[in-house]
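Structure below is my_file_11.cif: mmCIF, C-alpha atoms and all ligand atoms.
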data_input
loop_
_atom_site.label_atom_id
_atom_site.label_comp_id
_atom_site.auth_asym_id
_atom_site.auth_seq_id
_atom_site.Cartn_x
_atom_site.Cartn_y
_atom_site.Cartn_z
CA MET A 1 53.42 76.97 53.15
CA THR A 2 49.80 77.96 53.65
CA LYS A 3 46.97 75.50 53.32
CA ARG A 4 45.64 77.42 50.36
CA ASN A 5 48.95 77.13 48.53
CA ARG A 6 49.21 73.45 49.32
CA GLN A 7 45.78 72.94 47.82
CA ARG A 8 46.76 74.89 44.77
CA TYR A 9 49.80 72.68 44.21
CA GLY A 10 47.73 69.63 45.01
CA ARG A 11 45.31 70.47 42.24
CA LYS A 12 48.19 71.16 39.92
CA LEU A 13 49.68 67.76 40.70
CA LEU A 14 46.37 66.01 40.17
CA ALA A 15 45.87 67.83 36.88
CA GLU A 16 49.34 66.80 35.77
CA LYS A 17 48.63 63.22 36.77
CA LEU A 18 45.38 63.28 34.81
CA ARG A 19 47.14 64.65 31.78
CA LEU A 20 49.71 61.87 31.93
CA LEU A 21 47.15 59.14 32.43
CA ARG A 22 45.11 60.42 29.49
CA GLU A 23 48.23 60.53 27.39
CA ILE A 24 48.93 56.92 28.30
CA GLY A 25 45.38 56.04 27.34
CA VAL A 26 43.61 55.34 30.63
CA GLU A 27 39.85 55.27 30.11
CA GLU A 28 37.97 58.38 31.21
CA GLU A 29 35.76 56.25 33.41
CA ALA A 30 38.71 55.27 35.54
CA LEU A 31 39.73 58.91 35.82
CA SER A 32 36.44 60.47 36.88
CA GLU A 33 37.26 60.40 40.58
CA LEU A 34 40.62 61.97 39.98
CA ALA A 35 39.16 64.59 37.65
CA ARG A 36 36.68 65.62 40.32
CA GLU A 37 39.42 66.03 42.86
CA ALA A 38 41.60 67.99 40.48
CA SER A 39 38.90 70.55 39.89
CA GLY A 40 37.43 70.66 43.36
CA ASP A 41 38.25 71.06 47.00
CA LEU A 42 41.13 68.88 48.04
CA SER A 43 39.95 68.65 51.62
CA SER A 44 37.75 65.72 50.64
CA PHE A 45 40.65 63.89 49.12
CA THR A 46 41.98 60.94 51.06
CA PHE A 47 44.91 58.63 50.68
CA HIS A 48 42.61 55.74 50.41
CA MET A 49 41.23 57.19 47.24
CA ALA A 50 44.67 58.00 45.90
CA ASP A 51 45.66 54.40 46.42
CA GLN A 52 42.54 53.05 44.79
CA SER A 53 42.87 55.04 41.61
CA GLY A 54 46.55 54.20 41.71
CA GLU A 55 45.83 50.50 41.75
CA THR A 56 43.49 50.73 38.78
CA TYR A 57 45.91 52.34 36.42
CA ARG A 58 48.87 50.40 37.70
CA ARG A 59 47.19 47.12 36.95
CA GLU A 60 45.90 48.15 33.56
CA LEU A 61 48.85 50.05 32.26
CA LYS A 62 51.97 48.68 33.74
CA ALA A 63 53.07 47.24 30.43
CA SER A 64 52.44 50.32 28.31
CA LEU A 65 54.22 52.82 30.52
CA THR A 66 57.61 54.12 29.53
CA SER A 67 60.16 54.38 32.30
CA GLU A 68 59.97 58.16 32.10
CA GLN A 69 56.19 58.11 32.57
CA THR A 70 56.55 55.70 35.47
CA ARG A 71 59.12 57.96 37.05
CA ILE A 72 56.94 61.05 36.77
CA LEU A 73 53.80 59.32 38.00
CA ARG A 74 55.70 58.04 41.00
CA ALA A 75 57.11 61.50 41.67
CA ILE A 76 53.61 62.99 41.47
CA ASP A 77 52.21 60.43 43.89
CA GLU A 78 55.05 61.10 46.30
CA ALA A 79 54.44 64.84 46.05
CA LEU A 80 50.73 64.31 46.75
CA LYS A 81 51.65 62.37 49.85
CA ARG A 82 53.87 65.24 50.95
CA ILE A 83 50.94 67.59 50.47
CA TYR A 84 48.85 65.55 52.87
CA ASN A 85 51.50 64.94 55.46
CA GLY A 86 52.55 68.58 55.43
CA THR A 87 56.09 68.25 54.12
CA PHE A 88 55.38 69.48 50.62
CA GLY A 89 57.74 72.21 49.47
CA ILE A 90 60.51 71.11 51.80
CA CYS A 91 63.66 69.67 50.26
CA SER A 92 63.90 66.02 51.25
CA ARG A 93 67.67 66.19 51.26
CA CYS A 94 68.61 69.36 53.14
CA GLY A 95 65.30 70.45 54.67
CA ALA A 96 65.34 73.87 53.05
CA LYS A 97 62.28 75.32 51.39
CA VAL A 98 62.03 74.44 47.73
CA GLN A 99 61.90 77.65 45.70
CA ARG A 100 58.40 78.69 44.69
CA GLU A 101 59.43 79.23 41.06
CA ARG A 102 60.76 75.69 40.97
CA LEU A 103 57.50 74.26 42.33
CA ASP A 104 55.51 76.27 39.83
CA TYR A 105 57.60 74.76 37.07
CA VAL A 106 57.98 71.23 38.51
CA PRO A 107 55.30 70.78 41.21
CA TYR A 108 56.58 67.28 42.01
CA ALA A 109 60.14 68.48 42.65
CA LYS A 110 61.54 66.71 45.67
CA HIS A 111 64.71 68.70 46.11
CA CYS A 112 65.66 72.34 46.18
CA ILE A 113 67.58 73.53 43.15
CA LYS A 114 70.89 73.39 45.00
CA CYS A 115 70.50 69.74 45.99
CA GLN A 116 69.11 68.81 42.59
CA ARG A 117 72.21 70.26 40.95
CA SER A 118 74.60 68.47 43.25
CA LEU A 119 72.70 65.21 42.73
CA GLU A 120 72.92 65.60 38.97
CA ASP A 121 76.63 66.34 39.18
CA SER A 122 77.46 63.29 41.20
ZN ZN B 1 68.06 70.86 49.38
#
Just dump the structure as structure tokens.
Amino acid sequence: MTKRNRQRYGRKLLAEKLRLLREIGVEEEALSELAREASGDLSSFTFHMADQSGETYRRELKASLTSEQTRILRAIDEALKRIYNGTFGICSRCGAKVQRERLDYVPYAKHCIKCQRSLEDS
């Protein structure tokens, strides 16, 4: 996957994360850093920052999160890590490329559609 595409998915992931955090009720102030990253150039984004903003909302909102929201936020954070370590878009189970259409629909997808199906069946 090209750097440009990775950045595009990175922004998408950040935007999705923002949307979720707003939905949960995180204060805008705590989201400003994230919002800037989501609309800007991801090259300035660092893990350190991801962890910091992560800590803030985790502390404040642990209790109000539903398990589904927790699951998605975790999946988004994992996908962001894969963006930065270069493994984004690669199925973590079989190593095949995750279909582009799937990533467009679920940018935090960890598995290709084939593996996802067999995981759901088992
Ligand atoms: Zn797979």
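All protein, DNA and RNA residues at most 12 Å from (63.5, 71.0, 53.6) are Met1, Arg82, Gly86, Thr87, Phe88, Gly89, Ile90, Cys91, Ser92, Arg93, Cys94, Gly95, Ala96, Lys97, Val98, Gln99, Ala109, Lys110, His111, Cys112, Ile113, Lys114 and Cys115 of chain A, using all atoms listed in the file.
Put simply, CA of Lys17 (chain A) is 6.6 Å away from CA of Leu73 (chain A).
Between CA of Tyr105 (chain A) and CA of Ile72 (chain A) the interatomic distance comes to 13.7 Å.
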With distances taken over only C-alpha atoms, which residue among A:Ala30, A:Leu119, A:Ala79, A:Arg19 lies nearest Pro107 (chain A)?
A:Ala79
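We find CA of Arg6 (chain A) and CA of Ile83 (chain A) to be spaced 6.2 Å apart.
Distances to ligand ZN 1 (chain B) were evaluated for A:Tyr108, A:Arg22, A:Ser118, A:Arg74 using all atoms listed in the file, and the minimum falls at A:Ser118.
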Which protein, DNA or RNA residues are at most 8 Å from (41.6, 61.9, 39.6) in the file's coordinates when you count only C-alpha atoms, listed as a PyMOL selection string?
chain A and resi 14-15+17-18+31-38+53
